[in-house]
>>> print(open('protein_21.txt').read())   # compact mmCIF, C-alpha atoms
# COMPACT_ATOMS: atom_id res chain seq x y z
CA MET A 1 0.00 0.00 0.00
CA ALA A 2 2.87 2.39 0.84
CA HIS A 3 4.20 2.56 -2.71
CA ARG A 4 0.73 3.47 -3.95
CA LYS A 5 0.62 6.59 -1.75
CA ILE A 6 3.76 7.93 -3.38
CA HIS A 7 1.91 8.12 -6.70
CA VAL A 8 -1.18 9.88 -5.38
CA ASP A 9 0.05 13.34 -6.38
CA ARG A 10 0.92 12.15 -9.87
CA VAL A 11 -2.40 10.35 -10.14
CA PHE A 12 -4.37 13.46 -9.22
CA HIS A 13 -2.29 15.58 -11.56
CA ALA A 14 -2.92 13.05 -14.33
CA LEU A 15 -6.66 12.95 -13.67
CA GLY A 16 -6.94 16.71 -13.23
CA ASP A 17 -7.27 17.08 -16.98
CA PRO A 18 -10.63 16.41 -18.71
CA THR A 19 -9.04 14.83 -21.80
CA ARG A 20 -7.03 12.41 -19.69
CA ARG A 21 -10.14 11.56 -17.66
CA ALA A 22 -11.94 10.79 -20.92
CA LEU A 23 -9.05 8.54 -21.96
CA VAL A 24 -9.12 6.66 -18.65
CA GLU A 25 -12.88 6.30 -18.83
CA ARG A 26 -12.61 4.78 -22.30
CA LEU A 27 -9.78 2.47 -21.20
CA SER A 28 -11.75 1.21 -18.21
CA GLU A 29 -13.97 -0.53 -20.81
CA GLY A 30 -11.01 -2.56 -22.09
CA PRO A 31 -7.67 -2.36 -23.94
CA ILE A 32 -7.64 -0.40 -27.22
CA SER A 33 -5.11 0.74 -29.81
CA VAL A 34 -3.82 4.30 -29.52
CA SER A 35 -5.20 5.28 -32.94
CA LEU A 36 -8.70 4.00 -32.09
CA LEU A 37 -8.49 5.74 -28.72
CA ALA A 38 -7.64 9.04 -30.46
CA LYS A 39 -10.31 8.79 -33.16
CA PRO A 40 -13.38 10.23 -31.33
CA LEU A 41 -11.34 13.03 -29.74
CA ALA A 42 -10.95 16.43 -31.36
CA ILE A 43 -7.18 16.46 -30.79
CA THR A 44 -4.15 15.23 -32.70
CA LEU A 45 -2.66 11.77 -32.28
CA ALA A 46 0.52 13.42 -30.97
CA ALA A 47 -1.49 15.15 -28.23
CA VAL A 48 -3.10 11.84 -27.26
CA VAL A 49 0.33 10.22 -27.07
CA GLN A 50 1.49 13.04 -24.76
CA HIS A 51 -1.53 12.57 -22.50
CA LEU A 52 -0.88 8.83 -22.45
CA GLN A 53 2.71 9.47 -21.37
CA VAL A 54 1.45 11.44 -18.36
CA LEU A 55 -1.00 8.65 -17.51
CA GLU A 56 1.73 6.03 -17.94
CA LYS A 57 4.12 7.91 -15.61
CA SER A 58 1.42 8.11 -12.96
CA GLY A 59 1.03 4.32 -13.18
CA LEU A 60 -2.61 4.55 -14.33
CA VAL A 61 -2.12 3.27 -17.85
CA ARG A 62 0.21 0.87 -19.56
CA THR A 63 1.00 0.87 -23.28
CA GLU A 64 2.71 -1.86 -25.27
CA LYS A 65 3.64 -2.25 -28.89
CA LEU A 66 2.42 -5.41 -30.57
CA GLY A 67 3.80 -5.46 -34.10
CA ARG A 68 2.98 -2.05 -35.57
CA VAL A 69 0.10 -1.34 -33.21
CA ARG A 70 0.50 0.36 -29.86
CA THR A 71 -2.17 -0.80 -27.44
CA CYS A 72 -2.98 0.78 -24.11
CA ARG A 73 -4.80 -0.53 -21.09
CA ILE A 74 -5.62 0.40 -17.52
CA GLU A 75 -2.81 -0.47 -15.16
CA THR A 76 -3.94 -1.94 -11.87
CA GLY A 77 -0.78 -1.20 -9.93
CA GLY A 78 1.58 -4.07 -10.53
CA LEU A 79 0.11 -7.51 -10.77
CA SER A 80 -3.56 -7.93 -11.50
CA VAL A 81 -5.69 -9.52 -8.80
CA ALA A 82 -5.84 -12.74 -10.83
CA GLU A 83 -2.07 -12.88 -11.17
CA GLN A 84 -1.70 -12.34 -7.43
CA TRP A 85 -4.18 -15.12 -6.91
CA ILE A 86 -2.21 -17.51 -9.13
CA GLU A 87 0.92 -16.53 -7.16
CA ASP A 88 -0.93 -17.40 -3.93
CA ARG A 89 -1.81 -20.79 -5.40
CA ARG A 90 1.81 -21.35 -6.36
CA ALA A 91 2.94 -20.39 -2.84
CA THR A 92 0.44 -22.89 -1.35
CA TRP A 93 1.84 -25.72 -3.48
CA GLU A 94 5.45 -24.69 -2.79
CA LYS A 95 4.75 -24.93 0.95
CA ARG A 96 3.07 -28.31 0.49
CA LEU A 97 5.97 -29.73 -1.52
CA ASP A 98 8.44 -28.39 1.07
CA ARG A 99 6.44 -30.15 3.81
CA LEU A 100 6.56 -33.31 1.68
CA GLY A 101 10.37 -32.93 1.64
CA ASP A 102 10.40 -32.53 5.46
CA LEU A 103 8.24 -35.64 5.84
CA LEU A 104 10.54 -37.69 3.58
CA GLU A 105 13.59 -36.58 5.61
CA GLU A 106 11.94 -37.54 8.90
CA GLU A 107 11.04 -41.05 7.73
CA MET B 1 -27.07 -12.32 -14.42
CA GLU B 2 -23.62 -11.68 -13.07
CA LYS B 3 -20.93 -11.21 -15.69
CA THR B 4 -18.57 -14.18 -15.76
CA THR B 5 -14.84 -14.10 -16.44
CA VAL B 6 -12.14 -16.75 -16.66
CA THR B 7 -8.41 -16.14 -16.36
CA HIS B 8 -6.11 -18.97 -17.40
CA GLY B 9 -2.73 -19.57 -15.84
CA THR B 10 0.00 -22.18 -15.77
CA PHE B 11 2.90 -22.56 -13.37
CA VAL B 12 5.60 -25.14 -12.70
CA ILE B 13 7.32 -26.01 -9.42
CA GLU B 14 10.39 -28.26 -9.25
CA ARG B 15 11.73 -30.07 -6.20
CA SER B 16 14.53 -32.55 -5.63
CA TYR B 17 14.08 -35.06 -2.80
CA ALA B 18 16.58 -37.39 -1.11
CA ALA B 19 14.13 -40.28 -1.33
CA THR B 20 13.36 -42.92 -3.94
CA PRO B 21 10.36 -42.37 -6.24
CA GLU B 22 8.73 -45.29 -4.38
CA ARG B 23 8.89 -43.39 -1.09
CA VAL B 24 7.71 -40.14 -2.67
CA PHE B 25 4.81 -41.99 -4.30
CA ALA B 26 3.92 -43.59 -0.94
CA ALA B 27 3.55 -40.09 0.54
CA PHE B 28 0.78 -39.49 -2.03
CA GLN B 29 -0.83 -42.90 -1.66
CA ASP B 30 -0.98 -43.22 2.15
CA PRO B 31 -3.80 -40.97 3.50
CA ALA B 32 -2.05 -40.36 6.85
CA LYS B 33 1.16 -39.26 5.09
CA LYS B 34 -0.69 -37.24 2.45
CA ARG B 35 -2.66 -35.37 5.08
CA ARG B 36 0.55 -34.45 6.91
CA TRP B 37 2.07 -32.58 4.01
CA PHE B 38 -1.04 -31.54 2.06
CA ILE B 39 -2.99 -29.83 4.86
CA GLU B 40 -1.37 -26.75 6.25
CA GLY B 41 -0.18 -27.06 9.84
CA ARG B 42 -2.48 -24.38 11.24
CA ASN B 43 -5.30 -24.87 13.68
CA ASN B 44 -8.29 -24.31 11.46
CA GLU B 45 -11.78 -25.16 12.65
CA ALA B 46 -13.72 -28.11 11.24
CA GLU B 47 -10.92 -29.43 9.11
CA THR B 48 -11.86 -32.43 6.99
CA PHE B 49 -9.80 -34.70 4.78
CA GLU B 50 -10.79 -37.87 2.95
CA MET B 51 -9.24 -39.52 -0.05
CA ASP B 52 -9.71 -42.45 -2.41
CA PHE B 53 -6.42 -42.92 -4.24
CA ARG B 54 -7.31 -44.61 -7.53
CA VAL B 55 -8.09 -43.38 -11.06
CA GLY B 56 -11.58 -41.89 -10.85
CA GLY B 57 -11.33 -41.67 -7.07
CA THR B 58 -12.15 -38.47 -5.19
CA GLU B 59 -10.37 -36.55 -2.47
CA ARG B 60 -12.14 -33.88 -0.41
CA SER B 61 -10.69 -31.48 2.10
CA SER B 62 -12.02 -28.34 3.73
CA TYR B 63 -11.34 -25.89 6.51
CA GLN B 64 -12.93 -22.84 8.05
CA MET B 65 -11.05 -19.57 7.69
CA GLY B 66 -9.61 -18.39 11.01
CA PRO B 67 -10.60 -15.29 13.04
CA ASN B 68 -7.73 -13.22 11.61
CA SER B 69 -8.50 -14.03 7.98
CA PRO B 70 -10.41 -11.69 5.62
CA PHE B 71 -13.53 -13.91 5.84
CA PRO B 72 -13.66 -15.58 9.30
CA GLY B 73 -15.76 -18.73 9.43
CA THR B 74 -16.02 -19.12 5.63
CA VAL B 75 -15.40 -22.69 4.47
CA ILE B 76 -12.69 -23.21 1.86
CA SER B 77 -13.01 -26.57 0.18
CA ASN B 78 -11.01 -28.59 -2.32
CA GLU B 79 -12.46 -31.39 -4.41
CA THR B 80 -9.90 -33.47 -6.28
CA LYS B 81 -10.36 -36.26 -8.78
CA TYR B 82 -7.53 -38.63 -9.69
CA MET B 83 -7.28 -38.65 -13.50
CA ASP B 84 -4.16 -40.77 -14.03
CA ILE B 85 -1.86 -42.74 -11.75
CA VAL B 86 1.33 -44.49 -12.89
CA PRO B 87 2.91 -45.98 -9.73
CA ASN B 88 6.16 -44.25 -8.74
CA ARG B 89 6.12 -42.12 -11.91
CA ARG B 90 3.08 -39.90 -12.41
CA ILE B 91 -0.08 -38.61 -10.76
CA VAL B 92 -2.56 -36.36 -12.59
CA ILE B 93 -5.40 -34.71 -10.71
CA ALA B 94 -8.22 -32.33 -11.60
CA TYR B 95 -9.42 -30.16 -8.75
CA THR B 96 -11.77 -27.33 -7.93
CA MET B 97 -11.54 -24.91 -5.04
CA SER B 98 -14.56 -23.23 -3.49
CA MET B 99 -15.26 -20.50 -0.99
CA GLY B 100 -18.57 -21.33 0.64
CA GLU B 101 -20.85 -22.46 -2.20
CA ARG B 102 -18.91 -20.64 -4.88
CA ARG B 103 -16.24 -22.35 -6.98
CA PHE B 104 -13.41 -19.99 -7.81
CA SER B 105 -11.04 -22.21 -9.76
CA SER B 106 -10.78 -25.46 -11.66
CA SER B 107 -7.33 -26.85 -12.40
CA GLN B 108 -5.44 -29.81 -13.72
CA ALA B 109 -2.24 -30.62 -11.85
CA THR B 110 0.45 -33.13 -12.82
CA PHE B 111 3.14 -34.59 -10.56
CA GLU B 112 6.01 -36.21 -12.45
CA LEU B 113 8.55 -38.28 -10.51
CA VAL B 114 11.91 -38.90 -12.16
CA PRO B 115 14.65 -40.98 -10.45
CA SER B 116 17.82 -38.95 -9.89
CA GLU B 117 21.22 -39.39 -8.25
CA LYS B 118 19.92 -37.71 -5.11
CA GLY B 119 16.67 -39.67 -5.16
CA THR B 120 13.75 -38.09 -7.00
CA ASP B 121 13.16 -35.00 -9.10
CA LEU B 122 9.54 -33.93 -8.81
CA THR B 123 7.93 -31.57 -11.33
CA PHE B 124 4.55 -30.10 -10.47
CA THR B 125 2.59 -28.37 -13.24
CA GLU B 126 -0.72 -26.60 -12.64
CA GLN B 127 -2.91 -25.52 -15.55
CA GLY B 128 -5.74 -23.53 -14.04
CA ALA B 129 -8.90 -21.66 -14.91
CA TYR B 130 -9.58 -18.95 -12.33
CA PHE B 131 -13.12 -17.64 -12.25
CA GLU B 132 -14.74 -14.25 -11.63
CA GLY B 133 -14.11 -13.08 -8.11
CA SER B 134 -10.54 -14.34 -8.31
CA ASP B 135 -9.89 -11.82 -11.07
CA GLY B 136 -11.76 -8.84 -9.69
CA ALA B 137 -11.98 -7.11 -13.10
CA GLU B 138 -15.56 -5.99 -12.46
CA ARG B 139 -14.67 -4.64 -9.04
CA ARG B 140 -11.73 -2.84 -10.61
CA GLU B 141 -13.93 -1.31 -13.31
CA ALA B 142 -16.57 -0.30 -10.73
CA GLY B 143 -13.80 1.25 -8.64
CA TRP B 144 -12.60 3.30 -11.57
CA ARG B 145 -16.09 4.53 -12.41
CA GLN B 146 -16.63 5.53 -8.79
CA LEU B 147 -13.31 7.35 -8.64
CA LEU B 148 -14.06 9.25 -11.85
CA GLU B 149 -17.56 10.16 -10.65
CA HIS B 150 -16.19 11.47 -7.36
CA LEU B 151 -13.58 13.43 -9.24
CA ASP B 152 -16.18 14.95 -11.59
CA LYS B 153 -18.34 15.94 -8.61
CA GLY B 154 -15.33 17.36 -6.78
CA ILE B 155 -14.41 19.46 -9.78
CA ALA B 156 -18.02 20.60 -10.30
CA VAL B 157 -18.26 21.74 -6.63
CA ALA B 158 -14.91 23.52 -6.83
>>> encode(input="protein_21.txt", output="structure tokens")
Amino acid sequence: MAHRKIHVDRVFHALGDPTRRALVERLSEGPISVSLLAKPLAITLAAVVQHLQVLEKSGLVRTEKLGRVRTCRIETGGLSVAEQWIEDRRATWEKRLDRLGDLLEEE
Amino acid sequence: MEKTTVTHGTFVIERSYAATPERVFAAFQDPAKKRRWFIEGRNNEAETFEMDFRVGGTERSSYQMGPNSPFPGTVISNETKYMDIVPNRRIVIAYTMSMGERRFSSSQATFELVPSEKGTDLTFTEQGAYFEGSDGAERREAGWRQLLEHLDKGIAVA
């Protein structure tokens, strides 16, 4: 939680702009390419890219290039909940297999 | 109807044991031994464990979440079916995990035992489908909408 607080100022700065709020609102519906994201807005693609850079620095948005298309998505602050959950499952099995090792040594 | 989501994931865990594959296999086959390493050594309420170690056989275990957990008293249960057993070499299971009445994952897990100089190399592979509630995408989206609404209101007031 502590590392999230550090970004609060940046987050509020990023969301203090109506265009960036519109971008985040659109992205909360799902990942989209930068060009499609820019289409309904009355600003240039370059301006959208600049806004995305601010959002990316604040940790709100992540962009990645797949082939020739740059896609952006909402960033959830590190691992997604599902990924954390899979990590929990892995940790459970690691502990079990360590206990199996302990049991085999005791025998 | 509630929106459903599935997230797929695979992970591998490797361990090397100073015991023959026969002894490692016995720790899966013998219910008393299996319970000792499979169930976590914490004092959970109403812990149950039963197993039927044969292809098509079922294993069930459950426990109540403790007072310091996020959901005290909620029953977490595991239902496992043995899909393939090759003595001293391989065990394949399919299992679901539930919280109360709600299943939150369904996985296939494979244990491969390979004889080694030390004793046995074990490779565990889980291929899982993790359901809504374990992902939290809807909650995340709702959270974002709420945040943006608050922000809009805050700006309108200012």
>>> residues_around(input="protein_21.txt", residues="Trp93 in chain A", least_positions_apart="5", cutoff="10 Å", atoms="all atoms listed in the file", output="PDB file with C-alpha atoms, in the coordinates of the input")
ATOM      1  CA  GLU A  87       0.920 -16.530  -7.160  1.00  0.00           C
ATOM      2  CA  ASP A  88      -0.930 -17.400  -3.930  1.00  0.00           C
ATOM      3  CA  ASP A  98       8.440 -28.390   1.070  1.00  0.00           C
ATOM      4  CA  ARG A  99       6.440 -30.150   3.810  1.00  0.00           C
TER       5      ARG A  99
ATOM      6  CA  VAL B  12       5.600 -25.140 -12.700  1.00  0.00           C
ATOM      7  CA  ILE B  13       7.320 -26.010  -9.420  1.00  0.00           C
ATOM      8  CA  PHE B  38      -1.040 -31.540   2.060  1.00  0.00           C
ATOM      9  CA  PHE B 124       4.550 -30.100 -10.470  1.00  0.00           C
ATOM     10  CA  GLU B 126      -0.720 -26.600 -12.640  1.00  0.00           C
TER      11      GLU B 126
END
>>> closest_residue(input="protein_21.txt", among="B:Thr125, B:Thr74, B:Ser107, B:Thr96", to="Thr58 in chain B", atoms="all atoms listed in the file")
B:Thr96
>>> interface_residues(input="protein_21.txt", of="chain A", to="chain B", cutoff="12 Å", atoms="all atoms listed in the file", output="ChimeraX atom specification")
/A:11-18,20-30,60,74-77,79-107
>>> write_last_selection(input="protein_21.txt", atoms="C-alpha atoms", output="PDB file, in the coordinates of the input")
ATOM      1  CA  VAL A  11      -2.400  10.350 -10.140  1.00  0.00           C
ATOM      2  CA  PHE A  12      -4.370  13.460  -9.220  1.00  0.00           C
ATOM      3  CA  HIS A  13      -2.290  15.580 -11.560  1.00  0.00           C
ATOM      4  CA  ALA A  14      -2.920  13.050 -14.330  1.00  0.00           C
ATOM      5  CA  LEU A  15      -6.660  12.950 -13.670  1.00  0.00           C
ATOM      6  CA  GLY A  16      -6.940  16.710 -13.230  1.00  0.00           C
ATOM      7  CA  ASP A  17      -7.270  17.080 -16.980  1.00  0.00           C
ATOM      8  CA  PRO A  18     -10.630  16.410 -18.710  1.00  0.00           C
ATOM      9  CA  ARG A  20      -7.030  12.410 -19.690  1.00  0.00           C
ATOM     10  CA  ARG A  21     -10.140  11.560 -17.660  1.00  0.00           C
ATOM     11  CA  ALA A  22     -11.940  10.790 -20.920  1.00  0.00           C
ATOM     12  CA  LEU A  23      -9.050   8.540 -21.960  1.00  0.00           C
ATOM     13  CA  VAL A  24      -9.120   6.660 -18.650  1.00  0.00           C
ATOM     14  CA  GLU A  25     -12.880   6.300 -18.830  1.00  0.00           C
ATOM     15  CA  ARG A  26     -12.610   4.780 -22.300  1.00  0.00           C
ATOM     16  CA  LEU A  27      -9.780   2.470 -21.200  1.00  0.00           C
ATOM     17  CA  SER A  28     -11.750   1.210 -18.210  1.00  0.00           C
ATOM     18  CA  GLU A  29     -13.970  -0.530 -20.810  1.00  0.00           C
ATOM     19  CA  GLY A  30     -11.010  -2.560 -22.090  1.00  0.00           C
ATOM     20  CA  LEU A  60      -2.610   4.550 -14.330  1.00  0.00           C
ATOM     21  CA  ILE A  74      -5.620   0.400 -17.520  1.00  0.00           C
ATOM     22  CA  GLU A  75      -2.810  -0.470 -15.160  1.00  0.00           C
ATOM     23  CA  THR A  76      -3.940  -1.940 -11.870  1.00  0.00           C
ATOM     24  CA  GLY A  77      -0.780  -1.200  -9.930  1.00  0.00           C
ATOM     25  CA  LEU A  79       0.110  -7.510 -10.770  1.00  0.00           C
ATOM     26  CA  SER A  80      -3.560  -7.930 -11.500  1.00  0.00           C
ATOM     27  CA  VAL A  81      -5.690  -9.520  -8.800  1.00  0.00           C
ATOM     28  CA  ALA A  82      -5.840 -12.740 -10.830  1.00  0.00           C
ATOM     29  CA  GLU A  83      -2.070 -12.880 -11.170  1.00  0.00           C
ATOM     30  CA  GLN A  84      -1.700 -12.340  -7.430  1.00  0.00           C
ATOM     31  CA  TRP A  85      -4.180 -15.120  -6.910  1.00  0.00           C
ATOM     32  CA  ILE A  86      -2.210 -17.510  -9.130  1.00  0.00           C
ATOM     33  CA  GLU A  87       0.920 -16.530  -7.160  1.00  0.00           C
ATOM     34  CA  ASP A  88      -0.930 -17.400  -3.930  1.00  0.00           C
ATOM     35  CA  ARG A  89      -1.810 -20.790  -5.400  1.00  0.00           C
ATOM     36  CA  ARG A  90       1.810 -21.350  -6.360  1.00  0.00           C
ATOM     37  CA  ALA A  91       2.940 -20.390  -2.840  1.00  0.00           C
ATOM     38  CA  THR A  92       0.440 -22.890  -1.350  1.00  0.00           C
ATOM     39  CA  TRP A  93       1.840 -25.720  -3.480  1.00  0.00           C
ATOM     40  CA  GLU A  94       5.450 -24.690  -2.790  1.00  0.00           C
ATOM     41  CA  LYS A  95       4.750 -24.930   0.950  1.00  0.00           C
ATOM     42  CA  ARG A  96       3.070 -28.310   0.490  1.00  0.00           C
ATOM     43  CA  LEU A  97       5.970 -29.730  -1.520  1.00  0.00           C
ATOM     44  CA  ASP A  98       8.440 -28.390   1.070  1.00  0.00           C
ATOM     45  CA  ARG A  99       6.440 -30.150   3.810  1.00  0.00           C
ATOM     46  CA  LEU A 100       6.560 -33.310   1.680  1.00  0.00           C
ATOM     47  CA  GLY A 101      10.370 -32.930   1.640  1.00  0.00           C
ATOM     48  CA  ASP A 102      10.400 -32.530   5.460  1.00  0.00           C
ATOM     49  CA  LEU A 103       8.240 -35.640   5.840  1.00  0.00           C
ATOM     50  CA  LEU A 104      10.540 -37.690   3.580  1.00  0.00           C
ATOM     51  CA  GLU A 105      13.590 -36.580   5.610  1.00  0.00           C
ATOM     52  CA  GLU A 106      11.940 -37.540   8.900  1.00  0.00           C
ATOM     53  CA  GLU A 107      11.040 -41.050   7.730  1.00  0.00           C
TER      54      GLU A 107
END
>>> atom_distance(input="protein_21.txt", atom1="CA of Gln64 in chain B", atom2="CA of Ile93 in chain B")
23.4 Å
>>> atom_distance(input="protein_21.txt", atom1="CA of Tyr82 in chain B", atom2="CA of Glu22 in chain B")
18.4 Å
>>> atom_distance(input="protein_21.txt", atom1="CA of Arg73 in chain A", atom2="CA of Ala42 in chain A")
20.8 Å
>>> closest_residue(input="protein_21.txt", among="B:Ile76, B:Phe25, B:Asn88, B:Ser62", to="Phe104 in chain B", atoms="all atoms listed in the file")
B:Ile76
>>> axis_aligned_box(input="protein_21.txt", around="range 36-45 of chain A", padding_each_side="5 Å", output="JSON")
{"center_x": -8.0, "center_y": 10.2, "center_z": -30.9, "size_x": 20.7, "size_y": 22.5, "size_z": 14.4}
>>> residues_around(input="protein_21.txt", residues="range 49-52 of chain A", least_positions_apart="3", cutoff="9 Å", atoms="all atoms listed in the file", output="PyMOL selection string")
chain A and resi 14+19-20+23+34+38+44-46+55-57+61-63+72
>>> residues_around(input="protein_21.txt", residues="Ser35 in chain A", least_positions_apart="2", cutoff="9 Å", atoms="only C-alpha atoms", output="ChimeraX atom specification")
/A:32-33,37-39,45,48,69-71
